[in-house]
>>> print(open('final.cif').read())   # mmCIF, C-alpha atoms
data_run
#
loop_
_atom_site.label_atom_id
_atom_site.label_comp_id
_atom_site.auth_asym_id
_atom_site.auth_seq_id
_atom_site.Cartn_x
_atom_site.Cartn_y
_atom_site.Cartn_z
CA MET A 10 19.00 -39.08 16.35
CA LYS A 11 20.00 -38.94 12.71
CA ILE A 12 16.92 -36.95 11.76
CA ARG A 13 17.51 -34.50 14.56
CA TYR A 14 21.10 -34.01 13.39
CA LEU A 15 19.91 -33.45 9.84
CA LEU A 16 17.31 -30.91 10.94
CA ASN A 17 19.92 -29.14 13.02
CA THR A 18 22.29 -28.83 10.09
CA LEU A 19 19.51 -27.62 7.82
CA GLY A 20 18.45 -25.07 10.44
CA GLN A 21 21.98 -23.73 10.76
CA LEU A 22 22.28 -23.55 7.00
CA GLY A 23 19.01 -21.61 6.82
CA ILE A 24 20.10 -19.13 9.48
CA GLY A 25 23.42 -18.74 7.64
CA ILE A 26 21.70 -17.92 4.35
CA LEU A 27 19.29 -15.54 6.07
CA PHE A 28 22.19 -13.81 7.82
CA SER A 29 24.18 -13.42 4.61
CA LEU A 30 21.12 -11.84 2.98
CA VAL A 31 20.76 -9.35 5.82
CA VAL A 32 24.38 -8.22 6.01
CA GLN A 33 24.92 -8.11 2.24
CA ALA A 34 26.00 -4.63 1.19
CA ASP A 35 23.34 -2.61 -0.64
CA GLU A 36 25.22 -1.08 -3.55
CA PRO A 37 23.34 1.30 -5.83
CA VAL A 38 22.83 -0.26 -9.24
CA THR A 39 21.98 1.37 -12.51
CA SER A 40 19.25 -0.21 -14.57
CA GLN A 41 18.19 -0.07 -18.18
CA HIS A 42 14.67 -1.31 -17.54
CA VAL A 43 13.57 0.31 -14.31
CA PRO A 44 12.59 3.98 -14.71
CA ILE A 45 14.51 6.04 -12.17
CA PRO A 46 14.52 9.85 -12.03
CA ASP A 47 17.71 11.44 -13.27
CA PRO A 48 17.70 15.04 -12.00
CA PRO A 49 20.33 17.37 -13.49
CA GLU A 50 23.60 18.04 -11.65
CA ALA A 51 23.78 21.01 -9.29
CA LYS A 52 26.01 23.97 -10.20
CA GLN A 53 28.27 23.65 -7.16
CA HIS A 54 28.94 21.70 -3.98
CA PHE A 55 28.04 23.08 -0.56
CA SER A 56 31.50 22.25 0.81
CA ALA A 57 34.40 20.00 0.04
CA GLU A 58 32.94 17.14 2.10
CA GLN A 59 29.27 17.71 1.48
CA ALA A 60 27.43 17.97 -1.82
CA CYS A 61 24.22 19.64 -0.63
CA VAL A 62 23.27 21.88 2.31
CA GLU A 63 22.55 18.72 4.31
CA PRO A 64 23.90 15.19 3.77
CA VAL A 65 22.23 13.71 0.70
CA ASP A 66 20.24 10.99 2.48
CA ILE A 67 18.86 13.60 4.91
CA ILE A 68 18.00 16.26 2.32
CA ARG A 69 16.25 13.63 0.20
CA ARG A 70 14.01 12.63 3.10
CA ASN A 71 13.43 15.96 4.83
CA HIS A 72 13.75 18.81 2.31
CA GLY A 73 10.02 19.49 2.66
CA GLN A 74 10.42 19.98 6.41
CA PHE A 75 13.47 22.21 5.98
CA LEU A 76 11.64 24.41 3.48
CA LYS A 77 8.55 24.72 5.67
CA HIS A 78 10.62 25.50 8.75
CA GLN A 79 12.54 28.09 6.77
CA ARG A 80 9.26 29.63 5.62
CA ASP A 81 8.00 29.95 9.20
CA GLN A 82 11.32 31.39 10.37
CA THR A 83 11.27 33.94 7.57
CA MET A 84 7.61 34.91 7.58
CA HIS A 85 6.75 34.77 11.26
CA ASN A 86 10.09 35.60 12.89
CA GLY A 87 11.72 37.66 10.17
CA VAL A 88 14.86 35.50 10.18
CA ARG A 89 15.97 35.22 6.58
CA THR A 90 18.91 32.84 6.10
CA GLN A 91 20.28 31.14 3.01
CA GLN A 92 21.01 27.54 3.91
CA HIS A 93 17.45 26.22 3.54
CA SER A 94 16.12 28.94 1.28
CA LEU A 95 14.01 27.84 -1.70
CA VAL A 96 15.54 30.59 -3.84
CA GLU A 97 19.02 29.18 -3.18
CA CYS A 98 17.87 25.62 -4.02
CA ILE A 99 16.56 26.86 -7.35
CA ASN A 100 19.65 28.99 -8.03
CA CYS A 101 21.96 26.01 -7.66
CA HIS A 102 19.83 23.14 -8.94
CA VAL A 103 17.88 24.46 -11.92
CA THR A 104 20.27 24.55 -14.84
CA PRO A 105 19.72 25.60 -18.47
CA ASP A 106 19.97 23.18 -21.39
CA ASP A 107 22.40 23.53 -24.32
CA LYS A 108 20.37 26.35 -25.88
CA GLY A 109 20.21 28.27 -22.60
CA ASN A 110 16.53 27.52 -21.94
CA TYR A 111 15.44 26.67 -18.42
CA PRO A 112 13.27 23.54 -17.96
CA SER A 113 9.59 23.96 -17.17
CA ILE A 114 8.12 23.05 -13.79
CA HIS A 115 4.89 22.02 -15.53
CA GLU A 116 6.08 19.43 -18.02
CA GLY A 117 8.92 17.09 -18.91
CA THR A 118 11.39 15.57 -16.46
CA GLN A 119 14.23 18.05 -16.75
CA HIS A 120 13.30 20.40 -13.90
CA PHE A 121 15.19 19.38 -10.78
CA CYS A 122 12.15 19.41 -8.48
CA ARG A 123 9.78 17.93 -11.02
CA SER A 124 11.92 14.96 -12.00
CA CYS A 125 11.31 13.28 -8.63
CA HIS A 126 8.00 14.87 -7.68
CA ALA A 127 6.33 13.58 -10.84
CA TYR A 128 7.87 10.14 -10.22
CA ALA A 129 6.48 10.00 -6.65
CA ALA A 130 3.16 11.66 -7.63
CA VAL A 131 3.66 14.42 -5.05
CA THR A 132 2.25 17.77 -6.15
CA ILE A 133 3.90 20.92 -4.85
CA ASP A 134 2.41 24.40 -4.71
CA CYS A 135 5.68 26.29 -4.09
CA PHE A 136 5.82 27.58 -7.64
CA GLN A 137 2.34 29.02 -7.75
CA CYS A 138 4.01 32.03 -6.05
CA HIS A 139 7.76 31.42 -6.15
CA ALA A 140 9.92 31.40 -9.27
CA SER A 141 10.88 27.95 -10.55
CA LYS A 142 13.90 29.37 -12.40
CA PRO A 143 17.10 30.94 -10.99
CA GLU A 144 17.14 34.66 -10.13
CA GLN A 145 19.28 35.74 -13.09
CA ALA A 146 17.00 33.85 -15.50
CA THR A 147 13.81 35.44 -14.15
CA ALA A 148 15.43 38.88 -14.02
CA SER A 149 16.34 38.76 -17.72
CA GLN A 150 12.89 37.65 -18.87
CA MET B 11 18.40 -6.36 3.32
CA THR B 12 17.30 -5.49 -0.22
CA THR B 13 17.75 -9.10 -1.30
CA LEU B 14 15.90 -10.45 1.74
CA TYR B 15 12.91 -8.16 1.24
CA ALA B 16 12.80 -8.70 -2.51
CA ILE B 17 12.75 -12.49 -2.11
CA LEU B 18 10.15 -12.28 0.67
CA LEU B 19 7.99 -10.08 -1.57
CA TYR B 20 8.08 -12.70 -4.32
CA VAL B 21 7.27 -15.49 -1.87
CA ALA B 22 4.44 -13.50 -0.29
CA THR B 23 2.97 -12.54 -3.66
CA LEU B 24 3.04 -16.15 -4.85
CA ILE B 25 1.33 -17.42 -1.70
CA PHE B 26 -1.19 -14.57 -1.81
CA VAL B 27 -2.15 -14.97 -5.48
CA LEU B 28 -2.11 -18.78 -5.68
CA GLY B 29 -3.72 -19.15 -2.25
CA LEU B 30 -6.48 -16.71 -3.10
CA ALA B 31 -7.06 -18.31 -6.51
CA TYR B 32 -7.32 -21.73 -4.87
CA ARG B 33 -9.76 -20.44 -2.26
CA ILE B 34 -11.96 -18.84 -4.91
CA TYR B 35 -11.91 -22.09 -6.89
CA GLU B 36 -12.82 -23.93 -3.71
CA TYR B 37 -15.69 -21.56 -2.88
CA ALA B 38 -16.99 -21.72 -6.44
CA SER B 39 -16.93 -25.50 -6.66
CA VAL B 40 -18.19 -26.47 -3.21
CA PRO B 41 -21.82 -27.69 -3.45
CA ALA B 42 -24.63 -25.45 -2.20
CA PRO B 43 -27.33 -28.14 -2.13
CA LEU B 44 -30.10 -26.21 -0.43
CA LYS B 45 -32.13 -23.17 -1.38
CA ILE B 46 -31.47 -20.99 1.67
CA PRO B 47 -31.56 -17.26 0.84
CA THR B 48 -32.18 -15.17 3.95
CA MET B 49 -35.67 -13.69 3.67
CA PRO B 50 -36.81 -11.26 2.46
CA ALA B 51 -34.80 -12.20 -0.63
CA PRO B 52 -34.87 -10.84 -4.20
CA LEU B 53 -37.02 -12.71 -6.74
CA THR B 54 -34.75 -12.12 -9.75
CA ARG B 55 -31.05 -12.43 -10.61
CA LYS B 56 -30.85 -8.66 -11.04
CA GLY B 57 -32.19 -8.29 -7.55
CA VAL B 58 -29.50 -10.66 -6.26
CA VAL B 59 -26.78 -8.60 -7.94
CA LEU B 60 -28.17 -5.49 -6.23
CA ARG B 61 -28.34 -7.30 -2.91
CA ILE B 62 -24.72 -8.45 -3.11
CA LEU B 63 -23.62 -4.97 -4.18
CA GLY B 64 -25.44 -3.50 -1.19
CA GLU B 65 -23.72 -6.06 0.99
CA VAL B 66 -20.24 -5.45 -0.45
CA VAL B 67 -20.38 -1.68 -0.79
CA LEU B 68 -22.64 -0.64 2.08
CA PHE B 69 -22.47 -3.63 4.48
CA GLN B 70 -26.28 -3.60 4.49
CA SER B 71 -26.95 -6.52 6.86
CA LEU B 72 -24.37 -5.26 9.33
CA PHE B 73 -26.02 -1.84 9.23
CA ARG B 74 -29.37 -3.42 10.09
CA SER B 75 -27.96 -5.46 12.94
CA ASN B 76 -25.47 -3.12 14.62
CA LYS B 77 -24.92 0.55 13.88
CA TRP B 78 -21.69 1.23 15.75
CA ILE B 79 -19.86 -1.84 14.47
CA TRP B 80 -21.02 -0.83 11.00
CA LEU B 81 -19.58 2.65 11.52
CA PHE B 82 -16.11 1.38 12.55
CA GLY B 83 -16.11 -1.28 9.84
CA MET B 84 -17.10 1.25 7.20
CA MET B 85 -14.46 3.73 8.37
CA PHE B 86 -11.76 1.07 8.18
CA HIS B 87 -12.72 -0.43 4.81
CA LEU B 88 -13.33 2.85 2.96
CA ALA B 89 -10.13 4.38 4.32
CA LEU B 90 -8.24 1.24 3.34
CA TRP B 91 -9.45 1.68 -0.26
CA VAL B 92 -8.23 5.28 -0.39
CA VAL B 93 -4.89 4.33 1.15
CA LEU B 94 -4.45 1.43 -1.28
CA LEU B 95 -5.20 3.69 -4.26
CA ARG B 96 -2.57 6.10 -2.94
CA HIS B 97 -0.03 3.28 -2.99
CA LEU B 98 -0.59 2.72 -6.72
CA ARG B 99 1.94 5.50 -7.31
CA TYR B 100 4.74 3.12 -6.31
CA PHE B 101 3.80 0.58 -8.96
CA ILE B 102 3.06 2.74 -12.01
CA GLU B 103 5.39 4.95 -14.02
CA PRO B 104 4.28 7.42 -15.31
CA VAL B 105 1.66 7.80 -12.58
CA TRP B 106 -1.95 8.13 -13.79
CA THR B 107 -3.46 11.57 -13.23
CA TRP B 108 -6.33 10.32 -11.08
CA VAL B 109 -3.84 8.61 -8.76
CA VAL B 110 -1.98 11.92 -8.42
CA LEU B 111 -5.30 13.55 -7.46
CA VAL B 112 -6.33 10.84 -4.97
CA GLN B 113 -2.84 10.52 -3.50
CA PRO B 114 -2.99 13.42 -0.95
CA LEU B 115 -6.40 12.23 0.38
CA GLY B 116 -4.78 8.95 1.39
CA LYS B 117 -2.65 10.75 3.96
CA TYR B 118 -5.69 11.76 5.97
CA ALA B 119 -7.55 8.53 5.28
CA SER B 120 -4.86 6.87 7.41
CA PHE B 121 -6.36 8.52 10.52
CA VAL B 122 -9.84 7.24 9.65
CA LEU B 123 -8.35 3.80 9.07
CA PHE B 124 -6.62 3.93 12.45
CA ILE B 125 -9.77 4.99 14.34
CA GLY B 126 -11.79 2.26 12.58
CA LEU B 127 -9.27 -0.42 13.53
CA VAL B 128 -9.01 0.73 17.13
CA GLY B 129 -12.82 0.69 17.32
CA LEU B 130 -12.93 -2.90 16.03
CA LEU B 131 -10.17 -3.95 18.44
CA ILE B 132 -12.01 -2.36 21.39
CA ARG B 133 -15.12 -4.26 20.26
CA ARG B 134 -13.23 -7.55 20.57
CA ILE B 135 -12.00 -6.71 24.05
CA VAL B 136 -14.94 -4.86 25.59
CA VAL B 137 -18.06 -6.61 24.25
CA GLU B 138 -18.17 -9.73 26.36
CA ARG B 139 -19.95 -12.00 23.90
CA ILE B 140 -17.44 -11.04 21.18
CA ARG B 141 -14.48 -11.51 23.52
CA TYR B 142 -15.76 -15.03 24.29
CA ILE B 143 -15.64 -16.06 20.63
CA SER B 144 -12.39 -14.23 19.73
CA ASN B 145 -9.40 -16.32 18.69
CA PRO B 146 -5.76 -15.26 18.84
CA SER B 147 -5.89 -14.91 15.05
CA ASP B 148 -8.69 -12.34 15.31
CA TYR B 149 -6.44 -10.17 17.45
CA LEU B 150 -3.41 -10.90 15.30
CA LEU B 151 -5.09 -9.62 12.13
CA LEU B 152 -6.26 -6.41 13.80
CA ILE B 153 -2.86 -5.81 15.39
CA LEU B 154 -1.06 -6.55 12.12
CA LEU B 155 -3.29 -4.05 10.30
CA LEU B 156 -2.69 -1.52 13.06
CA VAL B 157 1.08 -2.00 12.71
CA ILE B 158 0.80 -1.55 8.93
CA GLY B 159 -1.37 1.56 9.28
CA SER B 160 0.63 3.24 12.00
CA SER B 161 4.05 2.52 10.50
CA GLY B 162 2.76 3.89 7.18
CA ALA B 163 1.31 7.03 8.75
CA MET B 164 4.58 7.36 10.68
CA MET B 165 6.46 7.66 7.39
CA THR B 166 4.02 10.22 6.06
CA PHE B 167 3.87 12.45 9.09
CA VAL B 168 6.92 11.87 11.31
CA LYS B 169 9.94 10.03 9.97
CA HIS B 170 10.17 10.22 6.21
CA THR B 171 11.84 7.67 4.03
CA ASP B 172 13.31 8.13 0.58
CA ILE B 173 10.17 7.35 -1.43
CA VAL B 174 11.89 7.86 -4.77
CA GLN B 175 14.42 5.18 -3.88
CA LEU B 176 11.58 3.03 -2.55
CA LYS B 177 9.71 3.29 -5.84
CA ALA B 178 12.88 2.35 -7.72
CA PHE B 179 13.14 -0.74 -5.49
CA ILE B 180 9.49 -1.70 -5.98
CA LEU B 181 9.72 -1.26 -9.76
CA SER B 182 12.92 -3.32 -9.91
CA VAL B 183 11.14 -6.08 -7.98
CA MET B 184 8.15 -5.84 -10.34
CA TYR B 185 10.32 -5.86 -13.46
CA LEU B 186 12.01 -9.05 -12.17
CA GLU B 187 15.48 -7.53 -12.08
CA LEU B 188 16.57 -10.62 -10.17
CA PHE B 189 19.55 -9.92 -7.87
CA HIS B 190 19.96 -6.50 -9.51
CA TRP B 191 17.25 -4.92 -7.41
CA GLN B 192 17.53 -1.25 -6.63
CA PRO B 193 18.53 -0.78 -2.97
CA LEU B 194 15.72 -0.51 -0.46
CA PRO B 195 15.98 2.57 1.80
CA LEU B 196 16.90 1.26 5.27
CA ASP B 197 14.51 3.18 7.53
CA MET B 198 12.97 1.35 10.47
CA PRO B 199 9.32 2.39 9.85
CA LEU B 200 9.60 1.23 6.23
CA LEU B 201 11.16 -2.12 7.15
CA ILE B 202 8.45 -2.71 9.76
CA HIS B 203 5.73 -1.60 7.32
CA LEU B 204 6.94 -3.96 4.58
CA ALA B 205 7.51 -6.88 6.96
CA ALA B 206 3.97 -6.52 8.30
CA VAL B 207 2.51 -6.28 4.78
CA ILE B 208 4.44 -9.39 3.73
CA SER B 209 3.11 -11.26 6.79
CA LEU B 210 -0.43 -10.16 6.03
CA MET B 211 -0.15 -11.31 2.40
CA ILE B 212 1.09 -14.72 3.53
CA ILE B 213 -1.63 -15.08 6.18
CA PHE B 214 -4.42 -13.82 3.90
CA PRO B 215 -5.39 -17.10 2.15
CA PHE B 216 -5.58 -18.91 5.51
CA SER B 217 -7.43 -16.33 7.54
CA LYS B 218 -10.73 -14.60 8.14
CA LEU B 219 -9.59 -11.97 5.65
CA LEU B 220 -11.08 -14.38 3.12
CA HIS B 221 -14.42 -12.72 3.85
CA ALA B 222 -13.40 -10.44 0.96
CA PRO B 223 -13.91 -13.06 -1.78
CA GLY B 224 -16.17 -15.16 0.45
CA VAL B 225 -19.00 -12.63 0.65
CA PHE B 226 -19.73 -13.23 -3.04
CA PHE B 227 -20.19 -16.96 -2.44
CA SER B 228 -22.46 -16.77 0.59
CA PRO B 229 -25.49 -18.99 -0.26
CA THR B 230 -27.80 -17.05 2.03
CA ARG B 231 -27.10 -13.88 0.04
CA ASN B 232 -26.43 -14.97 -3.53
CA GLN B 233 -29.50 -17.11 -4.17
CA VAL B 234 -32.70 -16.05 -5.93
CA ASP B 235 -35.88 -16.64 -3.97
CA ASN B 236 -37.57 -18.77 -6.66
CA ALA B 237 -38.02 -22.08 -4.84
CA ARG B 238 -41.68 -22.26 -5.91
CA GLU B 239 -41.10 -21.33 -9.56
CA HIS B 240 -38.13 -23.63 -10.23
CA ARG B 241 -37.08 -26.88 -8.68
CA HIS B 242 -33.66 -26.38 -7.11
CA VAL B 243 -31.19 -29.23 -7.57
CA ALA B 244 -27.50 -28.89 -6.76
CA ARG B 245 -25.25 -29.25 -9.78
CA TRP B 246 -23.46 -32.29 -8.40
CA ALA B 247 -26.82 -33.98 -7.83
CA ILE B 248 -27.84 -33.37 -11.44
CA GLU B 249 -24.61 -34.91 -12.64
CA LYS B 250 -24.95 -37.88 -10.36
CA PHE B 251 -28.63 -38.78 -10.33
CA GLU B 252 -30.52 -37.06 -13.11
CA THR B 253 -30.14 -37.86 -16.77
CA SER B 254 -32.10 -34.95 -18.19
CA SER B 255 -31.75 -31.54 -16.60
CA THR B 256 -35.05 -29.70 -16.83
#
>>> encode(input="final.cif", output="structure tokens")
Amino acid sequence: MKIRYLLNTLGQLGIGILFSLVVQADEPVTSQHVPIPDPPEAKQHFSAEQACVEPVDIIRRNHGQFLKHQRDQTMHNGVRTQQHSLVECINCHVTPDDKGNYPSIHEGTQHFCRSCHAYAAVTIDCFQCHASKPEQATASQ
Amino acid sequence: MTTLYAILLYVATLIFVLGLAYRIYEYASVPAPLKIPTMPAPLTRKGVVLRILGEVVLFQSLFRSNKWIWLFGMMFHLALWVVLLRHLRYFIEPVWTWVVLVQPLGKYASFVLFIGLVGLLIRRIVVERIRYISNPSDYLLLILLLVIGSSGAMMTFVKHTDIVQLKAFILSVMYLELFHWQPLPLDMPLLIHLAAVISLMIIFPFSKLLHAPGVFFSPTRNQVDNAREHRHVARWAIEKFETSST
């Protein structure tokens, strides 16, 4: 009887610990040791409530899909909108450094797209045709 | 959830590494008293190395005995290699160039892996003599691998997760940032994928998956056919009964 009671208590304790691990809040933490991409800030917010054209956790997961869907809409159906347009992403997200130079898509970690894509080892072919710098920057060069 | 998965990853890695090391020690130290290479066997050590390589890389004896099982086995194992190499990108920063180049191939290898596994599962169920000797654990391993493969392919092709955040989590686990782990993205396919991988790592040292190190220690494959040229005495027998070892 005593052993059973002991086991029971231990079991409940175990479930308690497990439960506390599961429900513990997952707060983002900064780290000095772990390399984490640090893409530059965008020029503006999409709206007062929302930073990007979609909620951040959605745009982080599905921006590839949005861009491809936008491409098909534009090329095949002739519907050219702005919300998921690559040009608009670049206009807002690619920012010049102190000297007014725009970061390269081919090297370094300063280009908005590249900072994460290099980290995740995902190659993109967007910029073999499209400009990787904002419209005003490419127009002046 | 981050804490739970991080701790489970440590536990699983410990069991996997220590368990595997113990098994290899066990296989290396267990006596192989008899000279029993399966004929025709190579006459030199170099020949034995080639034979084992042929066995490990090409599954030679399986090819000779059964072509369709060989095909499914080959599909699964080769695709698994490509997929594993693709996963290196989560553990290395900056990512090596050759991993970047291999990485996209891994996406499509997942289909080959899936077909191979389904083929091997059908073999267990449909071939009567195989079904007769199949244990629950044989099915469990195949199903676990299928869950790992399909949940992984699911993330690549259907429901994406935040892989940048995932890599940050993995690196923080690797760098032993104890209880300051980067948050794990909470997407169902990812949680299932990781849980299944953790289970597989824990089961590995106690399961048939040990054929991976075991193939190198198989006495019928790793012995030189020189029974007439040299007297074969097991090492433990030399230590126990013979004073001079010639």
>>> resolve_selection(input="final.cif", expression="the PyMOL selection byres ((chain B and resi 215) around 7)", output="compact mmCIF listing (two decimals) with C-alpha atoms, in the coordinates of the input")
# COMPACT_ATOMS: atom_id res chain seq x y z
CA PHE B 26 -1.19 -14.57 -1.81
CA GLY B 29 -3.72 -19.15 -2.25
CA LEU B 30 -6.48 -16.71 -3.10
CA ILE B 213 -1.63 -15.08 6.18
CA PHE B 214 -4.42 -13.82 3.90
CA PHE B 216 -5.58 -18.91 5.51
CA SER B 217 -7.43 -16.33 7.54
CA LEU B 220 -11.08 -14.38 3.12
>>> atom_distance(input="final.cif", atom1="atom CA of A:Ile68", atom2="atom CA of B:Asp172")
9.5 Å
>>> residues_around(input="final.cif", residues="B:Lys169", least_positions_apart="5", cutoff="10 Å", atoms="only C-alpha atoms", output="number ranges by chain")
A: 70-71; B: 161-164, 197-200
>>> interface_residues(input="final.cif", of="chain B", to="chain A", cutoff="8 Å", atoms="only C-alpha atoms", output="VMD selection string")
chain B and resid 11 to 14 99 to 100 103 to 105 109 to 110 113 to 114 170 to 174 177 to 178 181 to 182 185 190 to 194
>>> closest_residue(input="final.cif", among="B:Tyr32, B:Gly159, B:Tyr149, B:Phe227", to="B:Leu204", atoms="all atoms listed in the file")
B:Gly159
>>> resolve_selection(input="final.cif", expression="the PyMOL selection byres ((chain B and resi 205) around 12)", output="PyMOL selection string")
chain B and resi 11+14-19+22+154-155+157-158+161-162+198-204+206-212
>>> residues_around(input="final.cif", residues="B:Ser144", least_positions_apart="5", cutoff="10 Å", atoms="all atoms listed in the file", output="PyMOL selection string")
chain B and resi 134-135+138-139+149
>>> write_last_selection(input="final.cif", atoms="C-alpha atoms", output="mmCIF file, in the coordinates of the input")
data_model
loop_
_atom_site.group_PDB
_atom_site.id
_atom_site.type_symbol
_atom_site.label_atom_id
_atom_site.label_comp_id
_atom_site.auth_asym_id
_atom_site.auth_seq_id
_atom_site.Cartn_x
_atom_site.Cartn_y
_atom_site.Cartn_z
ATOM 1 C CA ARG B 134 -13.230 -7.550 20.570
ATOM 2 C CA ILE B 135 -12.000 -6.710 24.050
ATOM 3 C CA GLU B 138 -18.170 -9.730 26.360
ATOM 4 C CA ARG B 139 -19.950 -12.000 23.900
ATOM 5 C CA TYR B 149 -6.440 -10.170 17.450
#
>>> closest_atom_pairs(input="final.cif", of="stretch 133-157 of chain B", to="stretch 83-95 of chain B", cutoff="12 Å", atoms="all atoms listed in the file", output="Markdown table")
| residue | atom | partner | partner_atom | distance |
| --- | --- | --- | --- | --- |
| B:Arg133 | CA | B:Gly83 | CA | 10.9 |
| B:Leu152 | CA | B:Phe86 | CA | 10.9 |
| B:Leu155 | CA | B:Leu90 | CA | 10.0 |
| B:Leu156 | CA | B:Phe86 | CA | 10.6 |
>>> decode(input="final.cif", residues="stretch 216-254 of chain B", atoms="C-alpha atoms", output="mmCIF file, in the first residue's frame")
data_model
loop_
_atom_site.group_PDB
_atom_site.id
_atom_site.type_symbol
_atom_site.label_atom_id
_atom_site.label_comp_id
_atom_site.auth_asym_id
_atom_site.auth_seq_id
_atom_site.Cartn_x
_atom_site.Cartn_y
_atom_site.Cartn_z
ATOM 1 C CA PHE B 216 17.251 -0.960 -28.802
ATOM 2 C CA SER B 217 15.872 -1.716 -32.230
ATOM 3 C CA LYS B 218 16.526 -3.308 -35.584
ATOM 4 C CA LEU B 219 17.805 0.074 -36.733
ATOM 5 C CA LEU B 220 21.085 -1.183 -35.270
ATOM 6 C CA HIS B 221 21.650 -2.904 -38.604
ATOM 7 C CA ALA B 222 23.394 0.381 -39.488
ATOM 8 C CA PRO B 223 26.455 -0.222 -37.267
ATOM 9 C CA GLY B 224 25.812 -3.966 -37.146
ATOM 10 C CA VAL B 225 26.485 -4.616 -40.835
ATOM 11 C CA PHE B 226 30.160 -3.804 -40.244
ATOM 12 C CA PHE B 227 30.423 -6.487 -37.563
ATOM 13 C CA SER B 228 28.716 -9.315 -39.416
ATOM 14 C CA PRO B 229 31.150 -12.289 -39.209
ATOM 15 C CA THR B 230 29.839 -13.843 -42.407
ATOM 16 C CA ARG B 231 30.792 -10.686 -44.310
ATOM 17 C CA ASN B 232 33.827 -9.228 -42.561
ATOM 18 C CA GLN B 233 36.079 -12.280 -42.464
ATOM 19 C CA VAL B 234 38.880 -13.126 -44.896
ATOM 20 C CA ASP B 235 38.650 -16.552 -46.485
ATOM 21 C CA ASN B 236 42.101 -17.723 -45.339
ATOM 22 C CA ALA B 237 41.216 -20.701 -43.145
ATOM 23 C CA ARG B 238 43.800 -22.874 -44.923
ATOM 24 C CA GLU B 239 46.623 -20.317 -44.849
ATOM 25 C CA HIS B 240 46.265 -19.230 -41.210
ATOM 26 C CA ARG B 241 44.946 -21.018 -38.183
ATOM 27 C CA HIS B 242 41.966 -19.060 -36.875
ATOM 28 C CA VAL B 243 41.733 -18.735 -33.097
ATOM 29 C CA ALA B 244 39.336 -16.331 -31.393
ATOM 30 C CA ARG B 245 41.072 -13.616 -29.417
ATOM 31 C CA TRP B 246 39.535 -14.694 -26.129
ATOM 32 C CA ALA B 247 40.780 -18.234 -26.732
ATOM 33 C CA ILE B 248 44.330 -16.991 -27.300
ATOM 34 C CA GLU B 249 44.204 -15.062 -24.060
ATOM 35 C CA LYS B 250 42.798 -17.987 -22.153
ATOM 36 C CA PHE B 251 44.541 -21.063 -23.504
ATOM 37 C CA GLU B 252 47.561 -20.174 -25.588
ATOM 38 C CA THR B 253 50.755 -18.717 -24.213
ATOM 39 C CA SER B 254 52.413 -17.820 -27.500
#
